[in-house]
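Q: Could you have a look at this structure, given as structure tokens, before my questions?
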Amino acid sequence: MSILSKPASKIIIAIIIVIAGFVLLLRGCLSKYDEQFAHTHPLYFEKDGKGIVFTIVEHQQATSYSQKGNMVQKSVSTSYYIQINDASTAALIKDEKVKNRSNIKSYPVEMLGAAANNAWLFMGELMAFDAFTLEKKADTKILETKNPSLAGKFPTERRYYTYNRSNKQIYFTAIDGTKWELNTQTLVASPTDYSGDNSALKQQIEALEKMEKKNRAKEDSLYQQYFTTPSQQYAAREISYDEYNRITKKYYDGRKILEDQRDSITALASMLSKQENSARDIERTIENLQGNNSFSSIKTNQDTISGKWYGLYAPAEIEKLYDRVQYQGANDETARRLFYTGSYSQSKYGEWMIDKESITKSSSADFLHAGFLLDKNTGMPVHLNNPGSFIVVHKEQIGREAKILISRTNFDGKVLWSFNSQLHDWSDWICNGKQLILFGTDNKALSSGECNVLLCIDLGTGKASRFDYFSNKSVKTN
């Protein structure tokens with residue numbers, strides 16, 4: 001005999017249907033308040049001639065919403081996905097849910113870097129995914145299996161992990177304070193004394209400093225042996241005047257040799273020190289570009305290529321230009337800038353100096369608040385081939401809300417194409433030689449760092465494809 005009578009069963013089923021319908025109706029009403037957006041620091045990968053853009057996408061599903069006057073209260077359920085888009089068409093290829101917010105105990109959720117075909121990120125733990133298949137390649141459990149001695153010792157805070165852009169390895173401090181280098185290919189960790197500043201230039205400078213100390217020690221020894229001692233012997237009439245002169249001559253001859261050696265060491269150390277300072281400036285620029293993407297920070301106004309100097313300046317700016325080569329941006333937003341070319345050479349102090357007398361205007365084309373776009377990986381201006389050219393970024397008008405324009409020009413300043421990004425700031429950008437890939441925000445519902453716009457601009461034609469992370473759809477460009 002049935003536990004429930006048929007009428008009771010029908011009533012329960014009806015109640016379930018009504019509740020389900022209400023939930024669906026409520027969900028339908030709340031769905032218009034859902035948000036989704038890409039995080040900054042996307043990655044670019046290429047295999048077999050196909051390029052993809054790898055991003056972390058945050059999905060916020062509204063669970064409640066209320067508004068009183070200008071005050072809005074909204075509760076959301078947050079989840080994190082990884083997603084790949086075609087670098088040529090910007091079209092969505094694939095996405096995969098990774099974690100709910102409730103499963104993440106430590107923030108930020110952040111991209112670390114690329115190694116081979118794997119994307120490394122931090123999402124409450126160190127993780128890696130195949131950029132093309134989105135297959136998980138590493139997490140704490142996998143890493144502990146590969147490194148049994150580190151079981152329970154992988155840190156759960158982002159600050160203890162460092163991705164090295166030079167060798168594509170990850171350095172971390174275990175929870176017991178020991179230092180490790182994680183091979184991003186084998187997933188095997190090995191002890192390290194890595195400190196982050198062991199550059200080859202620094203090691204050379206330190207070696208020269210040791211040579212200079214040895215040189216001075218030799219001079220002190222020479223002074224004692226061939227000057228102090230014979231002087232005392234001559235004063236005590238233990239040696240003749242001729243013998244004294246013969247011995248002290250060895251001192252002066254030896255000192256001259258050591259002084260010449262020390263001058264060479266000092267000159268070389270000075271040159272390397274300038275190179276190290278220059279390298280540090282570039283590294284500092286690269287670091288700044290990872291987090292500061294204001295219009296003034298993404299460009300510079302001079303460059304050097306094959307012994308030739310190039311500048312983008314207004315006539316008044318070129319008159320006041322300092323004669324040392326500097327990779328710095330000019331900040332006057334009202335300046336319309338022209339292309340200039342000239343020569344430069346190295347001074348006796350090892351500095352690269354512009355020959356201001358050689359500077360000439362090379363094009364009549366002018367650009368508002370313009371500069372050469374910087375490559376985020378090198379900290380130097382982007383150079384394109386066939387034909388040799390720059391990417392010039394400039395503004396359509398003055399003011400904070402002015403959109404950023406992009407022009408490809410040859411080295412003489414002739415414009416090959418121009419494109420309006422329709423963005424007044426970029427959240428991020430990648431230049432791979434074939435496309436300029438831009439990220440930005442034009443949706444007022446989103447905050448800074450929450451990107452809804454992906455633009456893939458063909459560097460040959462200037463034509464662009466667009467994807468909107470908020471609507472999760474490809475969008476036509478003008």
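Scheme for the structure tokens: letters A, B, ... for chains in order shown; per-chain residue numbers from 1; ligand numbers from 1 in order shown.
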Among segment 41-235 of chain A, which residues carry a DSSP assignment of helix (DSSP H, G or I), reported as number ranges by chain?
A: A: 101-103, 140-146, 148-150, 158-160, 200-235
Q: Hey, can you spit out that residue selection with C-alpha atoms as a JSON list (two decimals), in the first residue's frame?
A:
[["chain", "number", "residue", "atom", "x", "y", "z"],
["A", 101, "ARG", "CA", 34.71, 31.92, -3.65],
["A", 102, "SER", "CA", 33.74, 29.91, -0.57],
["A", 103, "ASN", "CA", 36.55, 27.44, -1.36],
["A", 140, "THR", "CA", 48.92, 21.74, -3.82],
["A", 141, "LYS", "CA", 47.94, 18.06, -3.92],
["A", 142, "ILE", "CA", 49.80, 17.41, -7.21],
["A", 143, "LEU", "CA", 52.87, 19.35, -6.03],
["A", 144, "GLU", "CA", 53.00, 17.44, -2.74],
["A", 145, "THR", "CA", 52.84, 14.17, -4.67],
["A", 146, "LYS", "CA", 55.83, 15.33, -6.75],
["A", 148, "PRO", "CA", 56.84, 14.33, -0.65],
["A", 149, "SER", "CA", 59.31, 16.15, 1.61],
["A", 150, "LEU", "CA", 57.24, 19.32, 1.20],
["A", 158, "ARG", "CA", 50.26, 34.66, -2.40],
["A", 159, "ARG", "CA", 53.09, 36.81, -1.02],
["A", 160, "TYR", "CA", 55.38, 33.81, -0.54],
["A", 200, "ALA", "CA", 75.11, 38.73, -14.10],
["A", 201, "LEU", "CA", 76.11, 42.41, -14.13],
["A", 202, "LYS", "CA", 76.00, 42.58, -10.35],
["A", 203, "GLN", "CA", 78.24, 39.50, -10.12],
["A", 204, "GLN", "CA", 80.72, 41.06, -12.57],
["A", 205, "ILE", "CA", 80.79, 44.30, -10.59],
["A", 206, "GLU", "CA", 81.38, 42.38, -7.35],
["A", 207, "ALA", "CA", 84.22, 40.47, -9.03],
["A", 208, "LEU", "CA", 85.82, 43.75, -10.13],
["A", 209, "GLU", "CA", 85.50, 45.15, -6.60],
["A", 210, "LYS", "CA", 87.43, 42.11, -5.33],
["A", 211, "MET", "CA", 90.10, 42.67, -8.00],
["A", 212, "GLU", "CA", 90.44, 46.30, -6.91],
["A", 213, "LYS", "CA", 90.93, 45.23, -3.27],
["A", 214, "LYS", "CA", 93.63, 42.78, -4.34],
["A", 215, "ASN", "CA", 95.25, 45.51, -6.41],
["A", 216, "ARG", "CA", 95.41, 47.86, -3.41],
["A", 217, "ALA", "CA", 96.76, 45.05, -1.22],
["A", 218, "LYS", "CA", 99.53, 44.47, -3.76],
["A", 219, "GLU", "CA", 100.34, 48.18, -3.75],
["A", 220, "ASP", "CA", 100.54, 48.18, 0.06],
["A", 221, "SER", "CA", 102.88, 45.18, -0.06],
["A", 222, "LEU", "CA", 104.94, 46.84, -2.78],
["A", 223, "TYR", "CA", 105.21, 50.01, -0.68],
["A", 224, "GLN", "CA", 106.44, 48.07, 2.33],
["A", 225, "GLN", "CA", 108.92, 45.96, 0.38],
["A", 226, "TYR", "CA", 110.37, 48.52, -2.04],
["A", 227, "PHE", "CA", 109.91, 51.85, -0.28],
["A", 228, "THR", "CA", 109.47, 51.67, 3.50],
["A", 229, "THR", "CA", 112.08, 48.95, 4.11],
["A", 230, "PRO", "CA", 114.84, 50.38, 1.81],
["A", 231, "SER", "CA", 114.23, 53.87, 3.27],
["A", 232, "GLN", "CA", 114.82, 52.50, 6.76],
["A", 233, "GLN", "CA", 117.88, 50.56, 5.56],
["A", 234, "TYR", "CA", 119.33, 53.64, 3.85],
["A", 235, "ALA", "CA", 118.71, 55.77, 6.97]]
Q: Neighbours of Glu287 of chain A within 10 Å (only C-alpha atoms; same-chain residues fewer than 5 positions away dropped), as a CSV table (one decimal) with C-alpha atoms, in the first residue's frame?
A:
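Result saved to result.csv:
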chain,number,residue,atom,x,y,z
A,281,ASP,CA,65.7,51.3,-14.8
A,282,ILE,CA,64.3,48.9,-17.5
A,292,ASN,CA,50.3,51.1,-13.5
A,376,LYS,CA,55.4,45.2,-21.2
A,377,ASN,CA,57.9,42.4,-21.5
A,379,GLY,CA,60.1,48.0,-21.0
Q: Return as a Markdown table the residues of segment 87-119 of chain A lying at most 10 Å from segment 165-180 of chain A, together with the closest atom-to-atom pair for each and the distance in Å to one decimal, counting only C-alpha atoms, with rows in chain order and ascending residue number.
A:
| residue | atom | partner | partner_atom | distance |
| --- | --- | --- | --- | --- |
| A:Leu112 | CA | A:Ile170 | CA | 9.0 |
| A:Gly113 | CA | A:Arg165 | CA | 7.6 |
| A:Ala114 | CA | A:Lys168 | CA | 7.1 |
| A:Ala115 | CA | A:Lys168 | CA | 5.5 |
| A:Ala116 | CA | A:Lys168 | CA | 8.5 |
Q: Include N, CA and C atoms and write out the residues we just selected as a short mmCIF file (atom, residue, chain, number, x, y, z; two decimals), in the first residue's frame.
A:
data_model
loop_
_atom_site.label_atom_id
_atom_site.label_comp_id
_atom_site.auth_asym_id
_atom_site.auth_seq_id
_atom_site.Cartn_x
_atom_site.Cartn_y
_atom_site.Cartn_z
N LEU A 112 50.08 34.56 -12.39
CA LEU A 112 51.51 34.70 -12.10
C LEU A 112 52.32 34.81 -13.38
N GLY A 113 52.16 33.86 -14.30
CA GLY A 113 52.94 33.92 -15.52
C GLY A 113 52.81 32.65 -16.34
N ALA A 114 53.47 32.66 -17.49
CA ALA A 114 53.42 31.53 -18.42
C ALA A 114 54.75 30.79 -18.43
N ALA A 115 54.67 29.47 -18.57
CA ALA A 115 55.86 28.63 -18.71
C ALA A 115 55.51 27.52 -19.68
N ALA A 116 56.17 27.52 -20.85
CA ALA A 116 55.83 26.58 -21.93
C ALA A 116 54.34 26.78 -22.25
#
Q: Name all residues at most 12 Å from Ser358 of chain A (count only C-alpha atoms; drop same-chain ones fewer than 6 positions away) and give them as a VMD selection string.
A: chain A and resid 308 to 310 323 340 to 345
Q: Show me, as a ChimeraX atom specification, the residues that have an atom within 7 Å of segment 456-472 of chain A when counting only C-alpha atoms, minus same-chain residues fewer than 2 positions from it.
A: /A:35-38,87-91,417-419,434-438,452-454,474-477
Q: Just want the 12 Å neighbourhood of Glu135 of chain A, counted on only C-alpha atoms, with same-chain residues fewer than 2 positions away dropped. Output as a list in words.
A: Ile82, Gln83, Lys94, Asp95, Glu96, Lys97, Val98, Asn117, Asn118, Ala119, Met127, Ala128, Phe129, Asp130, Ala131, Phe132, Thr133, Lys137, Ala138 and Asp139 of chain A
Q: Take the residues just selected and output them with N, CA and C atoms as a CSV table (one decimal), in the first residue's frame.
A:
chain,number,residue,atom,x,y,z
A,82,ILE,N,38.5,29.9,-15.7
A,82,ILE,CA,39.6,30.2,-16.6
A,82,ILE,C,39.0,30.2,-18.0
A,83,GLN,N,39.6,31.0,-18.9
A,83,GLN,CA,38.9,31.2,-20.2
A,83,GLN,C,40.0,31.4,-21.3
A,94,LYS,N,36.9,28.5,-25.2
A,94,LYS,CA,36.6,27.5,-24.1
A,94,LYS,C,36.7,28.2,-22.7
A,95,ASP,N,35.9,27.8,-21.8
A,95,ASP,CA,36.1,28.2,-20.4
A,95,ASP,C,35.8,27.0,-19.5
A,96,GLU,N,36.3,27.2,-18.2
A,96,GLU,CA,36.2,26.1,-17.3
A,96,GLU,C,36.1,26.7,-15.9
A,97,LYS,N,35.1,26.2,-15.1
A,97,LYS,CA,35.0,26.7,-13.7
A,97,LYS,C,36.1,26.0,-12.9
A,98,VAL,N,36.8,26.8,-12.0
A,98,VAL,CA,37.9,26.3,-11.2
A,98,VAL,C,37.4,26.2,-9.7
A,117,ASN,N,53.5,25.7,-22.2
A,117,ASN,CA,52.1,25.8,-22.5
A,117,ASN,C,51.2,25.9,-21.3
A,118,ASN,N,51.9,26.1,-20.2
A,118,ASN,CA,51.1,26.2,-18.9
A,118,ASN,C,50.9,27.6,-18.4
A,119,ALA,N,49.7,27.9,-17.9
A,119,ALA,CA,49.5,29.2,-17.2
A,119,ALA,C,49.5,28.9,-15.7
A,127,MET,N,48.6,27.1,-8.6
A,127,MET,CA,47.9,26.2,-9.6
A,127,MET,C,48.5,26.5,-11.0
A,128,ALA,N,48.4,25.5,-11.8
A,128,ALA,CA,48.8,25.6,-13.2
A,128,ALA,C,47.8,24.8,-14.1
A,129,PHE,N,47.6,25.4,-15.3
A,129,PHE,CA,46.6,24.8,-16.3
A,129,PHE,C,47.3,24.8,-17.7
A,130,ASP,N,47.0,23.7,-18.4
A,130,ASP,CA,47.3,23.7,-19.8
A,130,ASP,C,46.5,24.8,-20.5
A,131,ALA,N,47.2,25.8,-21.2
A,131,ALA,CA,46.6,26.9,-21.7
A,131,ALA,C,45.6,26.6,-22.9
A,132,PHE,N,45.8,25.5,-23.5
A,132,PHE,CA,45.1,25.1,-24.7
A,132,PHE,C,43.9,24.2,-24.4
A,133,THR,N,44.1,23.3,-23.4
A,133,THR,CA,43.0,22.3,-23.1
A,133,THR,C,42.3,22.7,-21.8
A,137,LYS,N,47.2,21.1,-14.3
A,137,LYS,CA,48.5,20.5,-14.3
A,137,LYS,C,49.2,20.6,-12.9
A,138,ALA,N,48.7,21.5,-12.1
A,138,ALA,CA,49.4,21.6,-10.8
A,138,ALA,C,48.4,22.2,-9.8
A,139,ASP,N,48.4,21.7,-8.6
A,139,ASP,CA,47.8,22.4,-7.4
A,139,ASP,C,48.6,21.8,-6.2
Q: Would you mind reading off the distance between atom CA of Ile257 of chain A and atom CA of Asn245 of chain A, one decimal, in Å?
A: 18.4 Å
